[in-house]
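Quick look at entry-v8.txt (compact mmCIF, C-alpha atoms):
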# COMPACT_ATOMS: atom_id res chain seq x y z
CA MET A 1 -4.98 -3.38 42.88
CA LYS A 2 -3.73 -0.62 40.62
CA SER A 3 -2.47 -1.93 37.29
CA PRO A 4 0.91 -0.54 36.16
CA ARG A 5 1.15 1.70 33.09
CA PRO A 6 1.93 -0.42 30.02
CA SER A 7 5.71 -0.46 29.52
CA TRP A 8 5.48 0.59 25.86
CA VAL A 9 3.68 3.94 26.33
CA VAL A 10 6.65 6.08 27.42
CA PRO A 11 9.05 4.67 24.77
CA LEU A 12 6.40 5.33 22.12
CA LEU A 13 5.89 8.96 23.15
CA HIS A 14 9.66 9.50 23.23
CA ASP A 15 10.14 7.87 19.84
CA ALA A 16 10.73 10.70 17.33
CA GLN A 17 9.78 8.33 14.53
CA PHE A 18 6.28 8.18 15.98
CA TRP A 19 5.66 11.91 15.61
CA ILE A 20 6.67 12.16 11.94
CA PRO A 21 3.69 10.11 10.69
CA VAL A 22 1.42 12.04 13.07
CA VAL A 23 2.50 15.42 11.62
CA VAL A 24 2.25 14.09 8.04
CA LEU A 25 -1.25 12.81 8.76
CA VAL A 26 -2.42 16.21 9.98
CA ALA A 27 -0.86 17.90 6.91
CA GLY A 28 -2.58 15.35 4.66
CA VAL A 29 -5.98 16.12 6.16
CA LEU A 30 -5.37 19.84 5.50
CA VAL A 31 -4.53 19.15 1.83
CA LEU A 32 -7.65 17.03 1.58
CA GLU A 33 -9.75 19.91 2.88
CA TRP A 34 -8.20 22.15 0.21
CA VAL A 35 -8.78 19.86 -2.76
CA ARG A 36 -12.36 18.96 -1.80
CA MET B 1 33.52 -10.44 12.39
CA GLY B 2 33.50 -13.91 10.83
CA SER B 3 32.12 -14.60 7.40
CA LEU B 4 28.52 -15.68 7.07
CA SER B 5 27.72 -19.35 7.21
CA ALA B 6 26.66 -20.92 3.92
CA THR B 7 23.22 -21.63 5.39
CA GLU B 8 22.68 -18.00 6.42
CA ALA B 9 23.87 -16.72 3.02
CA ALA B 10 21.48 -19.11 1.24
CA ARG B 11 18.63 -18.02 3.53
CA ARG B 12 19.25 -14.34 2.75
CA ARG B 13 19.31 -15.12 -0.98
CA ARG B 14 15.99 -16.96 -0.76
CA LEU B 15 14.40 -14.14 1.23
CA GLN B 16 15.73 -11.63 -1.32
CA ILE B 17 13.98 -13.56 -4.13
CA VAL B 18 10.75 -13.77 -2.12
CA GLY B 19 10.95 -10.03 -1.39
CA VAL B 20 11.46 -9.11 -5.06
CA LEU B 21 8.63 -11.42 -6.17
CA SER B 22 6.40 -9.90 -3.46
CA GLY B 23 7.16 -6.41 -4.79
CA LEU B 24 6.33 -7.35 -8.39
CA THR B 25 3.09 -9.11 -7.38
CA ALA B 26 2.15 -6.08 -5.29
CA GLY B 27 2.65 -3.91 -8.38
CA ALA B 28 0.20 -5.94 -10.46
CA TRP B 29 -2.50 -6.05 -7.80
CA LEU B 30 -2.20 -2.48 -6.54
CA GLY B 31 -2.46 -1.32 -10.16
CA ALA B 32 -5.51 -3.50 -10.79
CA ALA B 33 -7.22 -2.15 -7.66
CA GLU B 34 -7.85 1.23 -9.26
CA ALA B 35 -9.68 -0.33 -12.20
CA PRO B 36 -13.02 -1.12 -10.50
CA THR B 37 -13.27 2.48 -9.28
CA LYS B 38 -13.36 3.55 -12.93
CA LEU B 39 -16.74 1.83 -13.17
CA VAL B 40 -18.20 4.32 -10.73
CA VAL B 41 -19.01 7.14 -13.07
CA ALA B 42 -21.64 9.10 -11.17
CA GLY B 43 -23.55 9.55 -7.95
CA LEU B 44 -20.80 9.24 -5.35
CA SER B 45 -18.34 11.83 -4.08
CA PRO B 46 -14.63 10.92 -3.93
CA ILE B 47 -14.83 10.54 -0.16
CA LEU B 48 -17.72 8.11 -0.42
CA VAL B 49 -15.85 6.20 -3.14
CA SER B 50 -12.90 5.89 -0.77
CA PHE B 51 -15.19 4.98 2.15
CA CYS B 52 -16.74 2.11 0.18
CA MET B 53 -13.30 0.87 -0.89
CA VAL B 54 -12.28 0.83 2.76
CA ILE B 55 -15.28 -1.32 3.62
CA GLY B 56 -14.03 -3.80 0.99
CA VAL B 57 -10.55 -3.49 2.46
CA PHE B 58 -11.95 -4.10 5.95
CA LEU B 59 -13.74 -7.27 4.85
CA ALA B 60 -10.63 -8.58 3.13
CA ARG B 61 -8.24 -7.58 5.88
CA TRP B 62 -10.12 -9.44 8.59
CA SER B 63 -10.98 -12.49 6.53
CA ALA B 64 -7.51 -13.06 5.02
CA PRO B 65 -5.69 -13.45 8.39
CA ALA B 66 -8.59 -15.55 9.69
CA LEU B 67 -8.27 -17.82 6.68
CA VAL B 68 -4.47 -18.10 6.57
CA ARG B 69 -3.39 -18.15 10.25
CA GLY B 70 -6.45 -17.85 12.45
CA LEU B 71 -7.17 -14.70 14.46
CA GLY B 72 -5.82 -16.38 17.63
CA ALA B 73 -2.30 -15.99 16.20
CA VAL B 74 -3.01 -12.28 15.62
CA GLY B 75 -3.98 -11.96 19.30
CA ASP B 76 -0.72 -13.63 20.33
CA ASP B 77 1.28 -11.12 18.28
CA ALA B 78 -0.65 -8.23 19.86
CA ARG B 79 0.09 -9.43 23.37
CA ARG B 80 3.81 -9.74 22.65
CA ALA B 81 4.21 -6.30 21.03
CA PRO B 82 1.19 -4.16 22.01
CA HIS B 83 2.83 -0.92 20.81
CA LEU B 84 2.56 -2.20 17.26
CA ILE B 85 -1.23 -1.90 17.53
CA VAL B 86 -0.77 1.89 17.75
CA TRP B 87 1.64 1.85 14.80
CA GLY B 88 -0.78 -0.26 12.78
CA VAL B 89 -3.72 2.06 13.48
CA LEU B 90 -1.59 5.12 12.61
CA ALA B 91 -0.54 3.52 9.30
CA GLY B 92 -4.19 2.80 8.55
CA CYS B 93 -5.11 6.47 9.14
CA LEU B 94 -2.34 7.55 6.73
CA TRP B 95 -3.52 5.07 4.13
CA ALA B 96 -7.15 6.20 4.34
CA VAL B 97 -6.37 9.90 3.85
CA ALA B 98 -3.93 9.10 1.03
CA ASN B 99 -6.42 6.86 -0.72
CA THR B 100 -9.09 9.56 -0.56
CA LEU B 101 -6.62 12.02 -2.06
CA THR B 102 -5.94 9.64 -4.95
CA VAL B 103 -9.64 9.53 -5.80
CA TYR B 104 -9.61 13.34 -6.08
CA ALA B 105 -6.41 13.13 -8.12
CA ILE B 106 -7.99 10.66 -10.56
CA ARG B 107 -11.03 12.90 -10.85
CA ASP B 108 -8.93 15.98 -11.59
CA VAL B 109 -6.09 14.68 -13.77
CA GLY B 110 -6.98 11.06 -14.67
CA LEU B 111 -5.49 7.71 -13.71
CA SER B 112 -2.58 7.75 -16.17
CA ILE B 113 -1.33 11.08 -14.84
CA ALA B 114 -2.12 10.67 -11.15
CA PHE B 115 -0.46 7.29 -10.73
CA PRO B 116 3.15 8.32 -11.39
CA LEU B 117 2.76 11.38 -9.19
CA TRP B 118 1.68 9.54 -6.08
CA ASN B 119 4.26 6.89 -6.80
CA THR B 120 6.87 9.38 -5.60
CA ASN B 121 6.02 7.68 -2.30
CA SER B 122 8.99 5.42 -3.01
CA VAL B 123 11.34 8.40 -2.73
CA ILE B 124 9.81 9.45 0.58
CA GLY B 125 9.87 5.88 1.83
CA MET B 126 13.50 5.51 0.83
CA LEU B 127 14.38 8.68 2.70
CA TRP B 128 12.89 7.27 5.91
CA GLY B 129 14.54 3.91 5.23
CA VAL B 130 17.98 5.52 5.02
CA LEU B 131 17.46 7.91 7.94
CA PHE B 132 15.85 5.57 10.44
CA PHE B 133 16.47 1.95 9.52
CA GLY B 134 20.05 1.89 8.27
CA GLU B 135 19.02 1.03 4.72
CA LEU B 136 21.74 1.75 2.12
CA ARG B 137 24.00 3.38 4.76
CA SER B 138 26.71 0.73 4.63
CA ALA B 139 26.05 -0.30 1.06
CA ARG B 140 28.92 -0.18 -1.42
CA ARG B 141 29.42 3.09 -3.29
CA ALA B 142 28.16 1.72 -6.64
CA ARG B 143 24.89 0.62 -5.06
CA GLN B 144 24.40 3.95 -3.33
CA ILE B 145 25.01 5.77 -6.64
CA THR B 146 22.55 3.49 -8.42
CA VAL B 147 19.88 4.29 -5.87
CA VAL B 148 20.49 8.06 -5.86
CA ALA B 149 20.52 8.15 -9.70
CA GLY B 150 17.31 6.13 -9.68
CA VAL B 151 15.68 8.64 -7.35
CA LEU B 152 16.70 11.54 -9.62
CA VAL B 153 15.31 9.79 -12.70
CA LEU B 154 12.08 9.14 -10.81
CA PHE B 155 11.80 12.84 -10.08
CA VAL B 156 12.44 13.83 -13.73
CA ALA B 157 9.87 11.30 -14.90
CA ALA B 158 7.29 12.67 -12.45
CA LEU B 159 7.91 16.20 -13.77
CA LEU B 160 7.53 14.99 -17.35
CA ILE B 161 4.19 13.40 -16.63
CA ALA B 162 2.97 16.36 -14.57
CA GLU B 163 3.81 18.64 -17.49
CA ALA B 164 1.79 16.40 -19.80
CA SER B 165 -1.19 16.76 -17.49
CA ALA B 166 -1.36 20.49 -18.13
CA ALA B 167 -2.27 19.73 -21.73
CA GLN B 168 -5.01 17.31 -20.67
CA ALA B 169 -7.21 19.02 -18.11
CA PRO B 170 -8.48 22.47 -17.09
CA ARG B 171 -5.98 24.64 -15.15
CA ARG B 172 -7.71 24.60 -11.74
CA ASP B 173 -8.21 20.86 -11.79
CA VAL B 174 -4.56 20.32 -12.62
CA ALA B 175 -3.41 22.22 -9.53
CA HIS B 176 -5.79 20.33 -7.25
CA GLY B 177 -5.13 16.99 -8.90
CA ILE B 178 -1.36 17.31 -8.70
CA ALA B 179 -1.50 18.52 -5.09
CA ALA B 180 -3.75 15.60 -4.15
CA ALA B 181 -1.54 13.03 -5.91
CA LEU B 182 1.71 14.37 -4.43
CA ALA B 183 0.22 14.60 -0.93
CA ALA B 184 -0.93 11.00 -1.28
CA GLY B 185 2.66 10.11 -2.19
CA VAL B 186 4.01 11.76 0.97
CA LEU B 187 1.39 10.08 3.17
CA TRP B 188 2.00 6.65 1.68
CA GLY B 189 5.76 7.13 1.76
CA THR B 190 5.55 7.95 5.47
CA MET B 191 3.25 5.00 6.06
CA TYR B 192 6.28 2.76 5.48
CA ILE B 193 7.80 3.91 8.79
CA PRO B 194 5.18 1.92 10.72
CA TYR B 195 5.51 -0.98 8.27
CA ARG B 196 9.26 -1.23 8.74
CA LYS B 197 9.02 -0.76 12.51
CA ALA B 198 6.63 -3.68 12.67
CA TYR B 199 8.68 -6.00 10.52
CA LEU B 200 12.01 -5.19 12.14
CA THR B 201 10.32 -6.26 15.37
CA GLY B 202 9.36 -9.51 13.65
CA MET B 203 5.62 -9.03 13.37
CA ASN B 204 3.69 -11.10 10.86
CA PRO B 205 2.23 -8.94 8.04
CA LEU B 206 -1.13 -10.65 8.46
CA SER B 207 -1.27 -9.47 12.09
CA PHE B 208 -0.13 -5.95 11.30
CA LEU B 209 -2.76 -5.43 8.62
CA THR B 210 -5.49 -6.51 11.03
CA PHE B 211 -4.69 -3.50 13.25
CA PHE B 212 -4.08 -1.29 10.25
CA THR B 213 -7.68 -1.75 9.13
CA ILE B 214 -9.03 -0.22 12.34
CA GLY B 215 -7.26 3.08 11.58
CA GLU B 216 -8.55 2.95 8.03
CA VAL B 217 -12.19 2.34 8.88
CA VAL B 218 -12.31 4.92 11.69
CA THR B 219 -10.63 7.64 9.57
CA MET B 220 -12.82 7.00 6.54
CA SER B 221 -15.98 6.86 8.65
CA VAL B 222 -15.14 10.26 10.17
CA LEU B 223 -14.39 11.74 6.74
CA ALA B 224 -17.52 10.25 5.16
CA LEU B 225 -19.78 11.33 8.02
CA GLY B 226 -18.25 14.82 7.96
CA GLU B 227 -18.87 15.20 4.26
CA SER B 228 -22.36 13.71 4.25
CA GLY B 229 -23.57 15.64 7.30
CA GLY B 230 -24.51 12.65 9.47
CA VAL B 231 -25.43 8.98 9.52
CA VAL B 232 -28.82 9.33 7.80
CA PRO B 233 -27.60 11.38 4.79
CA LEU B 234 -24.63 8.95 4.46
CA TRP B 235 -27.02 6.01 4.45
CA HIS B 236 -29.20 7.67 1.80
CA ALA B 237 -26.17 8.40 -0.40
CA LEU B 238 -25.02 4.78 -0.14
CA THR B 239 -28.42 3.25 -0.84
CA ALA B 240 -28.91 5.58 -3.80
CA ALA B 241 -25.66 4.28 -5.30
CA ARG B 242 -26.08 0.63 -4.25
CA SER B 243 -25.67 -0.70 -7.79
CA ALA B 244 -22.12 0.73 -7.85
CA LEU B 245 -21.00 -0.32 -4.37
CA PHE B 246 -19.81 -3.79 -5.37
CA TRP B 247 -17.19 -2.35 -7.73
CA LEU B 248 -15.73 -0.28 -4.91
CA LEU B 249 -15.72 -3.22 -2.49
CA LEU B 250 -13.96 -5.21 -5.20
CA GLY B 251 -11.39 -2.44 -5.67
CA GLY B 252 -10.70 -2.51 -1.92
CA PHE B 253 -10.44 -6.30 -1.92
CA VAL B 254 -7.96 -6.36 -4.81
CA TRP B 255 -5.96 -3.60 -3.14
CA VAL B 256 -5.60 -5.64 0.04
CA LEU B 257 -4.09 -8.57 -1.82
CA GLY B 258 -1.61 -6.18 -3.46
CA ASP B 259 -0.85 -4.54 -0.13
CA LEU B 260 -0.28 -7.88 1.52
CA ALA B 261 2.37 -8.65 -1.10
CA GLN B 262 3.82 -5.16 -0.57
CA GLN B 263 4.08 -5.75 3.17
CA TYR B 264 6.05 -8.94 2.58
CA ALA B 265 8.29 -7.00 0.16
CA VAL B 266 9.02 -4.38 2.84
CA LYS B 267 9.64 -7.15 5.36
CA TYR B 268 12.13 -9.09 3.23
CA VAL B 269 13.94 -6.45 1.11
CA GLY B 270 13.25 -3.23 3.05
CA ILE B 271 11.53 0.01 2.05
CA SER B 272 14.22 1.19 -0.36
CA ARG B 273 13.87 -1.81 -2.63
CA GLY B 274 10.40 -3.13 -1.85
CA ILE B 275 8.48 0.05 -2.55
CA PRO B 276 10.05 0.95 -5.94
CA LEU B 277 9.28 -2.63 -7.01
CA SER B 278 5.67 -2.47 -5.89
CA ASN B 279 5.44 0.90 -7.61
CA THR B 280 5.51 -0.95 -10.91
CA ASN B 281 1.78 -0.69 -10.19
CA GLN B 282 2.11 2.46 -12.26
CA LEU B 283 2.72 0.35 -15.34
CA TRP B 284 -0.26 -1.84 -14.49
CA GLY B 285 -2.42 1.22 -13.87
CA LEU B 286 -1.36 2.58 -17.24
CA LEU B 287 -2.10 -0.77 -18.91
CA TRP B 288 -5.57 -0.93 -17.32
CA GLY B 289 -6.30 2.71 -18.15
CA VAL B 290 -5.12 2.61 -21.75
CA LEU B 291 -5.98 -0.97 -22.81
CA VAL B 292 -9.24 -1.60 -20.95
CA PHE B 293 -10.72 1.89 -20.49
CA GLY B 294 -9.31 3.59 -23.58
CA GLU B 295 -7.68 6.50 -21.73
CA LEU B 296 -5.43 8.85 -23.74
CA ARG B 297 -7.61 8.11 -26.78
CA GLY B 298 -7.98 11.79 -27.71
CA ALA B 299 -4.55 12.88 -26.50
CA SER B 300 -1.95 14.32 -28.86
CA VAL B 301 1.14 12.35 -29.81
CA THR B 302 3.29 14.63 -27.64
CA VAL B 303 1.16 14.02 -24.55
CA ARG B 304 1.18 10.26 -25.15
CA PHE B 305 4.92 10.34 -25.60
CA MET B 306 5.39 12.25 -22.34
CA VAL B 307 3.12 9.97 -20.31
CA ILE B 308 4.49 6.72 -21.69
CA GLY B 309 8.11 7.95 -21.77
CA GLY B 310 7.83 9.20 -18.18
CA SER B 311 6.35 5.89 -17.06
CA VAL B 312 9.08 3.87 -18.76
CA LEU B 313 11.74 6.09 -17.17
CA MET B 314 10.16 5.51 -13.77
CA LEU B 315 10.17 1.79 -14.28
CA LEU B 316 13.82 1.76 -15.33
CA ALA B 317 14.73 3.77 -12.25
CA ALA B 318 12.73 1.45 -10.00
CA GLY B 319 14.41 -1.57 -11.59
CA ALA B 320 17.87 -0.12 -11.05
CA ILE B 321 17.09 0.64 -7.41
CA ALA B 322 15.74 -2.83 -6.81
CA SER B 323 18.75 -4.50 -8.43
CA ALA B 324 21.08 -2.82 -5.93
CA SER B 325 20.49 -5.68 -3.48
CA ALA B 326 21.52 -5.41 0.16
CA ASP B 327 24.96 -6.82 0.97
CA ASP B 328 26.21 -8.27 4.26
CA ARG B 329 27.29 -4.91 5.69
CA GLU B 330 23.85 -3.47 5.03
CA HIS B 331 22.21 -6.53 6.57
CA ASP B 332 24.23 -5.83 9.70
CA ARG B 333 22.73 -2.31 9.76
CA TRP B 334 19.25 -3.78 9.46
CA ASP B 335 20.00 -6.11 12.35
CA ALA B 336 21.22 -3.16 14.43
CA ALA B 337 17.98 -1.26 13.69
CA ALA B 338 15.97 -4.34 14.67
CA ALA B 339 17.96 -4.66 17.91
CA ARG B 340 17.22 -0.98 18.71
CA GLU B 341 13.49 -1.57 18.23
CA THR B 342 13.35 -4.66 20.40
CA THR B 343 15.35 -2.95 23.16
CA ARG B 344 13.33 0.27 23.03
CA TYR B 345 10.02 -1.53 23.35
CA ASN B 346 11.30 -4.48 25.36
CA VAL B 347 9.99 -7.24 23.10
CA GLY B 348 11.55 -10.58 22.24
CA ALA B 349 13.74 -10.71 19.14
CA GLU B 350 11.60 -13.42 17.58
CA LEU B 351 7.96 -12.39 17.63
CA THR B 352 6.36 -14.78 15.21
CA ALA B 353 5.64 -18.22 16.58
CA GLY B 354 4.26 -19.38 13.24
CA ARG B 355 1.39 -21.23 14.83
CA GLN B 356 -1.49 -22.07 12.53
CA ARG B 357 -4.78 -22.63 14.31
CA ARG B 358 -8.25 -21.77 13.18
CA THR B 359 -11.42 -21.84 15.23
CA TRP B 360 -15.10 -21.68 14.32
CA ALA B 361 -14.95 -17.89 14.83
CA ASP B 362 -12.48 -17.59 11.94
CA TRP B 363 -14.81 -19.47 9.63
CA VAL B 364 -17.74 -17.26 10.72
CA ILE B 365 -15.70 -14.16 9.77
CA VAL B 366 -14.78 -15.62 6.38
CA ALA B 367 -18.40 -16.63 5.73
CA LEU B 368 -19.75 -13.18 6.69
CA ALA B 369 -17.21 -11.40 4.45
CA THR B 370 -17.96 -13.71 1.52
CA GLY B 371 -21.72 -13.34 2.06
CA THR B 372 -21.42 -9.54 2.07
CA PHE B 373 -19.55 -9.60 -1.23
CA ILE B 374 -22.12 -11.93 -2.80
CA ALA B 375 -24.98 -9.72 -1.58
CA PHE B 376 -23.46 -6.59 -3.08
CA ALA B 377 -22.57 -8.44 -6.29
CA SER B 378 -26.24 -9.35 -6.72
CA LEU B 379 -27.10 -5.62 -6.59
CA ALA B 380 -24.30 -4.58 -8.96
CA ARG B 381 -24.89 -3.19 -12.42
CA VAL B 382 -22.24 -2.86 -15.11
CA PRO B 383 -22.25 0.79 -16.16
CA GLN B 384 -22.40 1.91 -19.76
CA LEU B 385 -18.69 2.25 -20.41
CA ALA B 386 -16.65 1.30 -23.44
CA ILE B 387 -14.59 -1.54 -21.95
CA ARG B 388 -12.36 -3.74 -24.08
CA VAL B 389 -13.25 -7.14 -22.70
CA GLU B 390 -10.42 -9.12 -24.33
CA TRP B 391 -7.82 -6.94 -22.62
CA LEU B 392 -9.74 -7.19 -19.36
CA TYR B 393 -9.59 -11.01 -19.43
CA LEU B 394 -5.90 -10.99 -20.32
CA LEU B 395 -4.93 -8.64 -17.49
CA VAL B 396 -7.03 -10.60 -14.97
CA ALA B 397 -5.42 -13.89 -16.07
CA VAL B 398 -1.88 -12.50 -15.81
CA SER B 399 -2.56 -10.98 -12.38
CA LEU B 400 -4.03 -14.22 -11.02
CA SER B 401 -1.09 -16.26 -12.34
CA LEU B 402 1.43 -13.92 -10.76
CA PHE B 403 -0.42 -14.11 -7.45
CA ALA B 404 -0.44 -17.91 -7.51
CA VAL B 405 3.31 -18.09 -8.17
CA TRP B 406 4.03 -15.56 -5.41
CA ALA B 407 1.82 -17.22 -2.79
CA THR B 408 3.32 -20.65 -3.53
CA THR B 409 6.90 -19.35 -3.31
CA LEU B 410 6.15 -17.43 -0.12
CA TRP B 411 4.58 -20.48 1.50
CA ARG B 412 7.50 -22.72 0.57
CA THR B 413 10.11 -20.24 1.80
CA THR B 414 8.54 -18.62 4.86
CA ARG B 415 5.28 -20.43 5.71
CA PHE B 416 3.71 -16.93 5.56
CA THR B 417 5.67 -15.65 8.57
Take the structure from the file and write it as structure tokens.
Amino acid sequence: MKSPRPSWVVPLLHDAQFWIPVVVLVAGVLVLEWVR
Amino acid sequence: MGSLSATEAARRRRLQIVGVLSGLTAGAWLGAAEAPTKLVVAGLSPILVSFCMVIGVFLARWSAPALVRGLGAVGDDARRAPHLIVWGVLAGCLWAVANTLTVYAIRDVGLSIAFPLWNTNSVIGMLWGVLFFGELRSARRARQITVVAGVLVLFVAALLIAEASAAQAPRRDVAHGIAAALAAGVLWGTMYIPYRKAYLTGMNPLSFLTFFTIGEVVTMSVLALGESGGVVPLWHALTAARSALFWLLLGGFVWVLGDLAQQYAVKYVGISRGIPLSNTNQLWGLLWGVLVFGELRGASVTVRFMVIGGSVLMLLAAGAIASASADDREHDRWDAAAARETTRYNVGAELTAGRQRRTWADWVIVALATGTFIAFASLARVPQLAIRVEWLYLLVAVSLSLFAVWATTLWRTTRFT
């Protein structure tokens, strides 16, 4: 029996507040590369 | 809308007190956490320093929930709001990169300078609090003005201290150190989005930090492996520095206790108040740096004045912000934000069941963590540093007392929910 997609996945991907930390994280890694 | 019942008003007042006390305790312990890293004077790169701290954090973060609530309760929380696992892991990734940046910042501009710079995280956190979680939006004008003025003073104080750093270190190091400290501030400030999301949904901080640690350990392992060039070189670097590892584990452990208090502060008074309060860690960092490690010993009077004056300004601003407590209208905004979260992710309004049950597995985790600390302590060596022991004892005693008062108050008021 095929299990349904968890109900929280789509709301998470459509949550703009989720993508802000993601972008900040990527920027932080770039700064880290620069200061190393 | 009817007026609040006396019981509800009293409950909000009690939670406000717990939140403020959580923020102040967090300040003392987050400030103390940087002290053990000062004992690591040679042999490890900043990334490895951060990696070892994260191992200490990992040990503390899994053993503390096991000890206080039992990991079964953490599993229950995860099943009720699985999306918060992703948020927790993301917050852990942000923390790990920010923490590594702070180690570079300390290396390049010193603890006394770097601390206030990355403490601009409260400004970033406040911005997200206002934009996304309805914090301050419906507050009375005087409270809004207090907060905005506080933010401006924080910025001026940060500039003052950054300017002082130029007189203390070589030019290239200053640029890198300031960039690292400010970037850490942005990362940590943004980390409060996941925190607030979790607590508006009703998650227990002890559960959230259990997921958080997975993001931390994975991110730091990737960074450490990348820098070392593989597992074997990483192992060699760690074994070569084994006498210093305990101090880093200890730093991570102390940090977790501070962060736990900070999470309760965010839960009960929000980002806008909780984070400026916990950012009194700057004062504690300054106290540890100056009193115990003798920092600023060779600095000119002007530089000392700028660093201390900037720090005092920051504290005053943080105090003003924290004193602008949330009123009923703002609480309604918080409730609306919480309702949005529970509807969006389809979770029950009340997540925490408050069950306390421990199994043998919890005790095994606690025993393993304790054993690991004891093993590393037996390998530890105190480096040749001029440490003022009497100040060390005093600061440790004050920090422990504050923690005891906080934990007792939290237990009486919330049963650690």
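Put simply, atom CA of Ala91 of chain B is 19.1 Å away from atom CA of Ala33 of chain B.
Selected on chain B by distance to chain A: His83, Leu94, His176, Thr190 and Tyr345 of chain B (within 6 Å, counting only C-alpha atoms).
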Atom pair atom CA of Asp328 of chain B / atom CA of Val130 of chain B: separation (Å): 16.1 Å
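Residues in contact with Val389 of chain B at 10 Å, where all atoms listed in the file are counted and same-chain residues fewer than 5 positions away are skipped, are listed as Leu291, Val292, Phe293, Leu394 and Leu395 of chain B.
Distance-wise, atom CA of Trp247 of chain B and atom CA of Ala380 of chain B end up 7.6 Å apart.
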